[in-house]
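**Student:** Structure file run_15.txt (compact mmCIF, C-alpha atoms) is given on the next line.
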# COMPACT_ATOMS: atom_id res chain seq x y z
CA ASN A 29 0.97 -19.52 14.52
CA LEU A 30 -1.31 -19.81 11.51
CA GLU A 31 -0.30 -23.40 10.77
CA GLU A 32 -1.12 -24.46 14.34
CA GLU A 33 -4.50 -22.79 14.23
CA LEU A 34 -5.28 -24.35 10.84
CA ASP A 35 -4.56 -27.85 12.19
CA ASP A 36 -7.77 -27.66 14.22
CA ILE A 37 -9.89 -26.73 11.19
CA GLU A 38 -11.38 -29.38 8.89
CA GLY A 39 -11.65 -28.81 5.13
CA ALA A 40 -9.85 -26.60 2.66
CA ALA A 41 -12.71 -24.10 2.32
CA ALA A 42 -12.99 -23.66 6.08
CA LYS A 43 -9.24 -23.08 6.30
CA ALA A 44 -9.43 -20.57 3.45
CA ASP A 45 -12.31 -18.75 5.19
CA PHE A 46 -10.28 -18.60 8.40
CA ILE A 47 -7.27 -17.14 6.59
CA ALA A 48 -9.51 -14.69 4.70
CA SER A 49 -10.97 -13.52 7.99
CA ARG A 50 -7.53 -12.97 9.51
CA VAL A 51 -6.21 -11.10 6.47
CA LYS A 52 -9.33 -8.91 6.23
CA LYS A 53 -8.94 -8.01 9.91
CA THR A 54 -5.30 -7.07 9.31
CA CYS A 55 -6.31 -5.01 6.28
CA THR A 56 -8.87 -3.11 8.33
CA GLU A 57 -6.45 -2.48 11.18
CA LYS A 58 -3.56 -1.35 8.97
CA MET A 59 -5.45 0.45 6.19
CA GLU A 60 -4.13 3.86 7.26
CA GLU A 61 -0.51 2.65 7.29
CA ASP A 62 -0.50 1.57 3.64
CA PRO A 63 -3.89 2.20 2.04
CA VAL A 64 -3.01 1.01 -1.46
CA LEU A 65 -1.59 -2.34 -0.33
CA TYR A 66 -4.34 -3.19 2.10
CA GLN A 67 -7.12 -2.02 -0.23
CA LYS A 68 -5.75 -4.29 -2.99
CA LEU A 69 -5.38 -7.25 -0.62
CA SER A 70 -8.92 -6.74 0.61
CA GLN A 71 -10.15 -6.64 -2.97
CA VAL A 72 -8.22 -9.83 -3.87
CA ILE A 73 -9.83 -11.62 -0.93
CA ASP A 74 -13.32 -10.41 -1.83
CA GLU A 75 -12.85 -11.53 -5.44
CA ALA A 76 -11.53 -14.95 -4.38
CA ILE A 77 -14.43 -15.48 -1.99
CA GLN A 78 -16.91 -14.52 -4.71
CA ALA A 79 -15.18 -16.79 -7.24
CA TYR A 80 -15.39 -19.69 -4.78
CA LEU A 81 -19.06 -19.00 -4.04
CA ASP A 82 -19.75 -18.85 -7.79
CA LYS A 83 -17.98 -22.22 -8.16
CA ARG A 84 -15.26 -20.71 -10.37
CA LEU A 85 -12.60 -21.77 -7.82
CA SER A 86 -12.12 -25.17 -6.26
CA GLU A 87 -11.60 -25.45 -2.50
CA GLU A 88 -7.88 -26.06 -3.03
CA ALA A 89 -7.48 -23.09 -5.39
CA TYR A 90 -9.40 -20.91 -2.92
CA LEU A 91 -7.12 -22.04 -0.09
CA GLN A 92 -4.04 -21.40 -2.23
CA GLN A 93 -5.19 -17.84 -2.99
CA MET A 94 -5.79 -17.19 0.69
CA PHE A 95 -2.29 -18.46 1.55
CA GLU A 96 -0.87 -16.09 -1.08
CA ALA A 97 -2.81 -13.19 0.41
CA TRP A 98 -1.61 -14.19 3.88
CA ASN A 99 2.02 -14.27 2.74
CA GLU A 100 1.67 -10.91 1.01
CA THR A 101 0.22 -9.49 4.23
CA LYS A 102 3.07 -10.92 6.33
CA GLU A 103 5.65 -9.49 3.94
CA GLN A 104 3.75 -6.18 3.76
CA GLY A 105 3.71 -6.37 -0.01
CA SER A 106 7.51 -6.40 -0.32
CA SER A 107 7.52 -8.81 -3.24
CA LYS A 108 6.17 -6.13 -5.60
CA VAL A 109 8.36 -3.28 -4.36
CA PRO A 110 11.83 -2.30 -5.61
CA ALA A 111 14.65 -3.71 -3.47
CA GLU A 112 15.79 -0.32 -2.18
CA LEU A 113 12.42 0.21 -0.49
CA ARG A 114 11.81 -3.22 1.03
CA SER A 115 13.24 -2.48 4.47
CA ASP A 116 11.36 0.80 4.85
CA PRO A 117 7.59 0.44 5.48
CA GLU A 118 6.96 4.17 5.13
CA ALA A 119 8.78 4.42 1.79
CA LYS A 120 6.92 1.32 0.55
CA ALA A 121 3.59 2.96 1.36
CA TYR A 122 4.66 6.20 -0.37
CA PHE A 123 5.84 4.18 -3.37
CA ARG A 124 2.48 2.47 -3.76
CA LEU A 125 0.58 5.75 -3.41
CA LEU A 126 2.81 7.47 -5.95
CA GLN A 127 2.85 4.55 -8.36
CA GLU A 128 -0.93 4.38 -8.33
CA GLY A 129 -1.18 8.14 -8.89
CA PHE A 130 1.41 8.16 -11.69
CA GLU A 131 -0.11 5.14 -13.43
CA LYS A 132 -3.52 6.77 -13.35
CA VAL A 133 -2.30 9.71 -15.43
CA ALA A 134 0.55 8.23 -17.47
CA GLY A 135 -1.42 5.84 -19.60
CA GLU A 136 -0.41 2.48 -21.02
CA GLY A 137 2.79 3.37 -22.91
CA ARG A 138 4.99 4.13 -19.88
CA ASN A 139 7.09 1.33 -18.43
CA ASP A 140 9.25 3.56 -16.23
CA ILE A 141 6.54 4.46 -13.69
CA ALA A 142 7.76 2.05 -10.98
CA GLY A 143 11.26 3.53 -11.14
CA ILE A 144 9.95 7.08 -11.03
CA ALA A 145 7.67 6.20 -8.10
CA ALA A 146 10.53 4.50 -6.20
CA GLU A 147 12.87 7.45 -6.64
CA THR A 148 10.12 9.91 -5.67
CA ALA A 149 9.11 7.81 -2.64
CA LEU A 150 12.66 7.89 -1.25
CA LYS A 151 12.84 11.65 -1.74
CA ALA A 152 9.40 12.13 -0.19
CA ARG A 153 10.43 10.08 2.82
CA MET A 154 13.51 12.25 3.32
CA LEU A 155 11.44 15.44 3.01
CA VAL A 156 8.92 14.20 5.56
CA GLU A 157 11.65 13.03 7.96
CA ASP A 158 13.45 16.39 7.70
CA GLN A 159 10.31 18.22 8.84
CA LYS A 160 9.29 15.88 11.67
CA ILE A 161 9.61 17.19 15.19
CA ARG A 162 8.23 15.94 18.46
CA ASP A 163 4.41 15.85 18.43
CA TRP A 164 4.39 17.12 14.83
CA THR A 165 1.07 15.51 13.90
CA GLY A 166 -0.87 18.26 15.66
CA ASN A 167 1.37 21.06 14.41
CA ARG A 168 -0.19 22.70 11.35
CA ASP A 169 3.02 24.63 10.53
CA VAL A 170 5.04 21.41 10.24
CA GLU A 171 2.34 19.81 8.13
CA ASN A 172 2.22 22.85 5.84
CA ALA A 173 6.02 22.76 5.44
CA MET A 174 5.78 19.07 4.49
CA ILE A 175 3.00 19.80 2.02
CA ASN A 176 5.04 22.59 0.41
CA ASP A 177 8.14 20.40 0.11
CA LEU A 178 6.15 17.50 -1.31
CA GLU A 179 4.37 19.79 -3.74
CA ASP A 180 7.72 21.11 -5.00
CA LEU A 181 8.97 17.54 -5.38
CA LEU A 182 5.93 16.38 -7.33
CA PHE A 183 5.95 19.41 -9.63
CA ALA A 184 9.64 18.72 -10.33
CA VAL A 185 8.83 15.06 -11.10
CA LYS A 186 5.99 16.19 -13.35
CA GLY A 187 8.33 18.37 -15.38
CA ARG A 188 11.34 16.05 -15.40
CA TYR A 189 9.41 12.96 -16.53
CA GLU A 190 6.70 14.78 -18.50
CA LEU A 191 3.87 13.28 -16.51
CA PRO A 192 0.43 14.82 -17.16
CA ILE A 193 -0.28 15.26 -13.44
CA THR A 194 -2.86 17.88 -12.47
CA GLY A 195 -2.90 19.93 -9.30
CA GLU A 196 -5.72 17.72 -8.04
CA ASP A 197 -3.61 14.59 -8.64
CA ILE A 198 -0.73 16.15 -6.71
CA ASP A 199 -3.01 17.16 -3.85
CA GLU A 200 -4.42 13.64 -3.67
CA MET A 201 -0.96 12.05 -3.55
CA ILE A 202 0.27 14.51 -0.94
CA GLU A 203 -2.83 13.93 1.19
CA GLY A 204 -2.12 10.19 1.09
CA ILE A 205 1.54 10.68 2.02
CA ILE A 206 0.68 12.95 4.95
CA ARG A 207 -1.97 10.49 6.16
CA VAL A 208 0.54 7.63 6.08
CA ALA A 209 3.22 9.75 7.76
CA LYS A 210 0.83 10.64 10.57
CA ARG A 211 -0.09 7.02 11.09
Mind converting the file's structure to structure tokens?

**Tutor:**
Amino acid sequence: NLEEELDDIEGAAAKADFIASRVKKTCTEKMEEDPVLYQKLSQVIDEAIQAYLDKRLSEEAYLQQMFEAWNETKEQGSSKVPAELRSDPEAKAYFRLLQEGFEKVAGEGRNDIAGIAAETALKARMLVEDQKIRDWTGNRDVENAMINDLEDLLFAVKGRYELPITGEDIDEMIEGIIRVAKR
């Protein structure tokens, strides 16, 4: 009902502020579900607000950026995710976590990172699903089994694609995947 709510608001900047507020609230509420997506959206909003305050953006451009952020939030970032992941929110979140982790270590010359991250995200989702049992989030044995399976997967990806991933990088990615899976 965003359009209906915006009808009652006068001025492009006021409308943009309203949308920014709504998107920031959504980002805060859903941060644990997909931390990379919602952190980036939050950052985009903060930068747009600052650009508007610094007079680098017109009211209309500010409003347009807020509409884009709103649409990205509604679509849960699907526009920048490979097609095979778009219908699976968990796999999308894993993809973004893995892509960010792989890009951090791979450097500029690699253009296959998105494909590697998509393939790994699908495998990670299957590994997590295979281990899930009722009330698993409080079961340390299940979590440890997931961690072991994910660790094996990421070490295999490291070797297969010659990614310079360290043990710390792997631990960070696994921690993110487990956090999203629990949420």

**Student:** What separation in Å, quoted to one decimal, exists between atom CA of Phe95 of chain A and atom CA of Val109 of chain A?

**Tutor:**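 Answer for the atom CA of Phe95 of chain A to atom CA of Val109 of chain A separation: 19.5 Å.
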
**Student:** Write out as a Markdown table a residue-level contact list of segment 100-160 of chain A versus segment 44-64 of chain A with cut-off 9 Å: for each qualifying residue the closest pair of atoms and the distance in Å to one decimal, counting all atoms listed in the file, rows sorted by chain and residue number upward.

**Tutor:**
| residue | atom | partner | partner_atom | distance |
| --- | --- | --- | --- | --- |
| A:Thr101 | CA | A:Val51 | CA | 7.0 |
| A:Gln104 | CA | A:Asp62 | CA | 8.8 |
| A:Pro117 | CA | A:Asp62 | CA | 8.4 |
| A:Glu118 | CA | A:Glu61 | CA | 7.9 |
| A:Lys120 | CA | A:Asp62 | CA | 8.0 |
| A:Ala121 | CA | A:Asp62 | CA | 4.9 |
| A:Tyr122 | CA | A:Asp62 | CA | 8.0 |
| A:Arg124 | CA | A:Val64 | CA | 6.1 |
| A:Leu125 | CA | A:Val64 | CA | 6.3 |
| A:Glu128 | CA | A:Val64 | CA | 7.9 |

**Student:** Distance atom CA of Tyr90 of chain A-atom CA of Ala40 of chain A, one decimal place?

**Tutor:**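 Atom-to-atom, atom CA of Tyr90 of chain A to atom CA of Ala40 of chain A, that is 8.0 Å.
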
**Student:** Looking at only C-alpha atoms, which of A:Leu150, A:Leu155, A:Ile37, A:Ala209 is the one that sits closest to Pro110 of chain A?

**Tutor:**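 For Pro110 of chain A, the nearest of the given residues is A:Leu150.
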
**Student:** To one decimal place, how far is atom CA of Ile198 of chain A from atom CA of Arg114 of chain A in Å?

**Tutor:**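 If I compute the distance from atom CA of Ile198 of chain A to atom CA of Arg114 of chain A, I get 24.3 Å.
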
**Student:** Return the single residue from A:Ile141, A:Ala111, A:Met174, A:Arg188 that is closest to Glu157 of chain A, with distances computed using all atoms listed in the file.

**Tutor:**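 Checking each candidate against Glu157 of chain A, we get A:Met174 as the closest.
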
**Student:** Segment 169-188 of chain A, all listed atoms, 5 Å padding on each side: what axis-aligned box centre and edge lengths in Å to one decimal come out, as AutoDock Vina command-line options?

**Tutor:**
--center_x 6.8 --center_y 19.8 --center_z -2.4 --size_x 19.1 --size_y 19.6 --size_z 35.9

**Student:** Determine, counting all atoms listed in the file, which protein, DNA and RNA residues have an atom within 7 Å of an atom of Leu69 of chain A; residues of the same chain fewer than 4 positions away are not included. Present the result as a PyMOL selection string.

**Tutor:** chain A and resi 65+73+97

**Student:** What's the 12 Å shell around segment 183-187 of chain A, counting all atoms listed in the file, without same-chain residues fewer than 6 positions away, as a list in words?

**Tutor:** Leu126, Gly129, Phe130, Val133, Ala134, Ile141, Gly143, Ile144, Ala145, Ala146, Glu147, Thr148, Ala149, Lys151, Ala152, Asn176, Asp177, Ile193, Thr194, Gly195, Glu196, Asp197, Ile198, Asp199, Met201 and Ile202 of chain A

**Student:** Using only C-alpha atoms, determine which residues lie at most 12 Å from Tyr80 of chain A, disregarding the query and same-chain residues fewer than 2 positions distant; provide the list as a PDB file with C-alpha atoms, keeping the file's coordinate frame.

**Tutor:**
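This went into selection.pdb:
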ATOM      1  CA  ALA A  40      -9.850 -26.600   2.660  1.00  0.00           C
ATOM      2  CA  ALA A  41     -12.710 -24.100   2.320  1.00  0.00           C
ATOM      3  CA  ALA A  42     -12.990 -23.660   6.080  1.00  0.00           C
ATOM      4  CA  ALA A  44      -9.430 -20.570   3.450  1.00  0.00           C
ATOM      5  CA  ASP A  45     -12.310 -18.750   5.190  1.00  0.00           C
ATOM      6  CA  ILE A  73      -9.830 -11.620  -0.930  1.00  0.00           C
ATOM      7  CA  ASP A  74     -13.320 -10.410  -1.830  1.00  0.00           C
ATOM      8  CA  GLU A  75     -12.850 -11.530  -5.440  1.00  0.00           C
ATOM      9  CA  ALA A  76     -11.530 -14.950  -4.380  1.00  0.00           C
ATOM     10  CA  ILE A  77     -14.430 -15.480  -1.990  1.00  0.00           C
ATOM     11  CA  GLN A  78     -16.910 -14.520  -4.710  1.00  0.00           C
ATOM     12  CA  ASP A  82     -19.750 -18.850  -7.790  1.00  0.00           C
ATOM     13  CA  LYS A  83     -17.980 -22.220  -8.160  1.00  0.00           C
ATOM     14  CA  ARG A  84     -15.260 -20.710 -10.370  1.00  0.00           C
ATOM     15  CA  LEU A  85     -12.600 -21.770  -7.820  1.00  0.00           C
ATOM     16  CA  SER A  86     -12.120 -25.170  -6.260  1.00  0.00           C
ATOM     17  CA  GLU A  87     -11.600 -25.450  -2.500  1.00  0.00           C
ATOM     18  CA  GLU A  88      -7.880 -26.060  -3.030  1.00  0.00           C
ATOM     19  CA  ALA A  89      -7.480 -23.090  -5.390  1.00  0.00           C
ATOM     20  CA  TYR A  90      -9.400 -20.910  -2.920  1.00  0.00           C
ATOM     21  CA  LEU A  91      -7.120 -22.040  -0.090  1.00  0.00           C
ATOM     22  CA  GLN A  92      -4.040 -21.400  -2.230  1.00  0.00           C
ATOM     23  CA  GLN A  93      -5.190 -17.840  -2.990  1.00  0.00           C
ATOM     24  CA  MET A  94      -5.790 -17.190   0.690  1.00  0.00           C
TER      25      MET A  94
END

**Student:** Find, counting all atoms listed in the file, the residue in A:Met154, A:Leu81, A:Leu113, A:Leu34 that gets nearest to Ala142 of chain A.

**Tutor:** A:Leu113
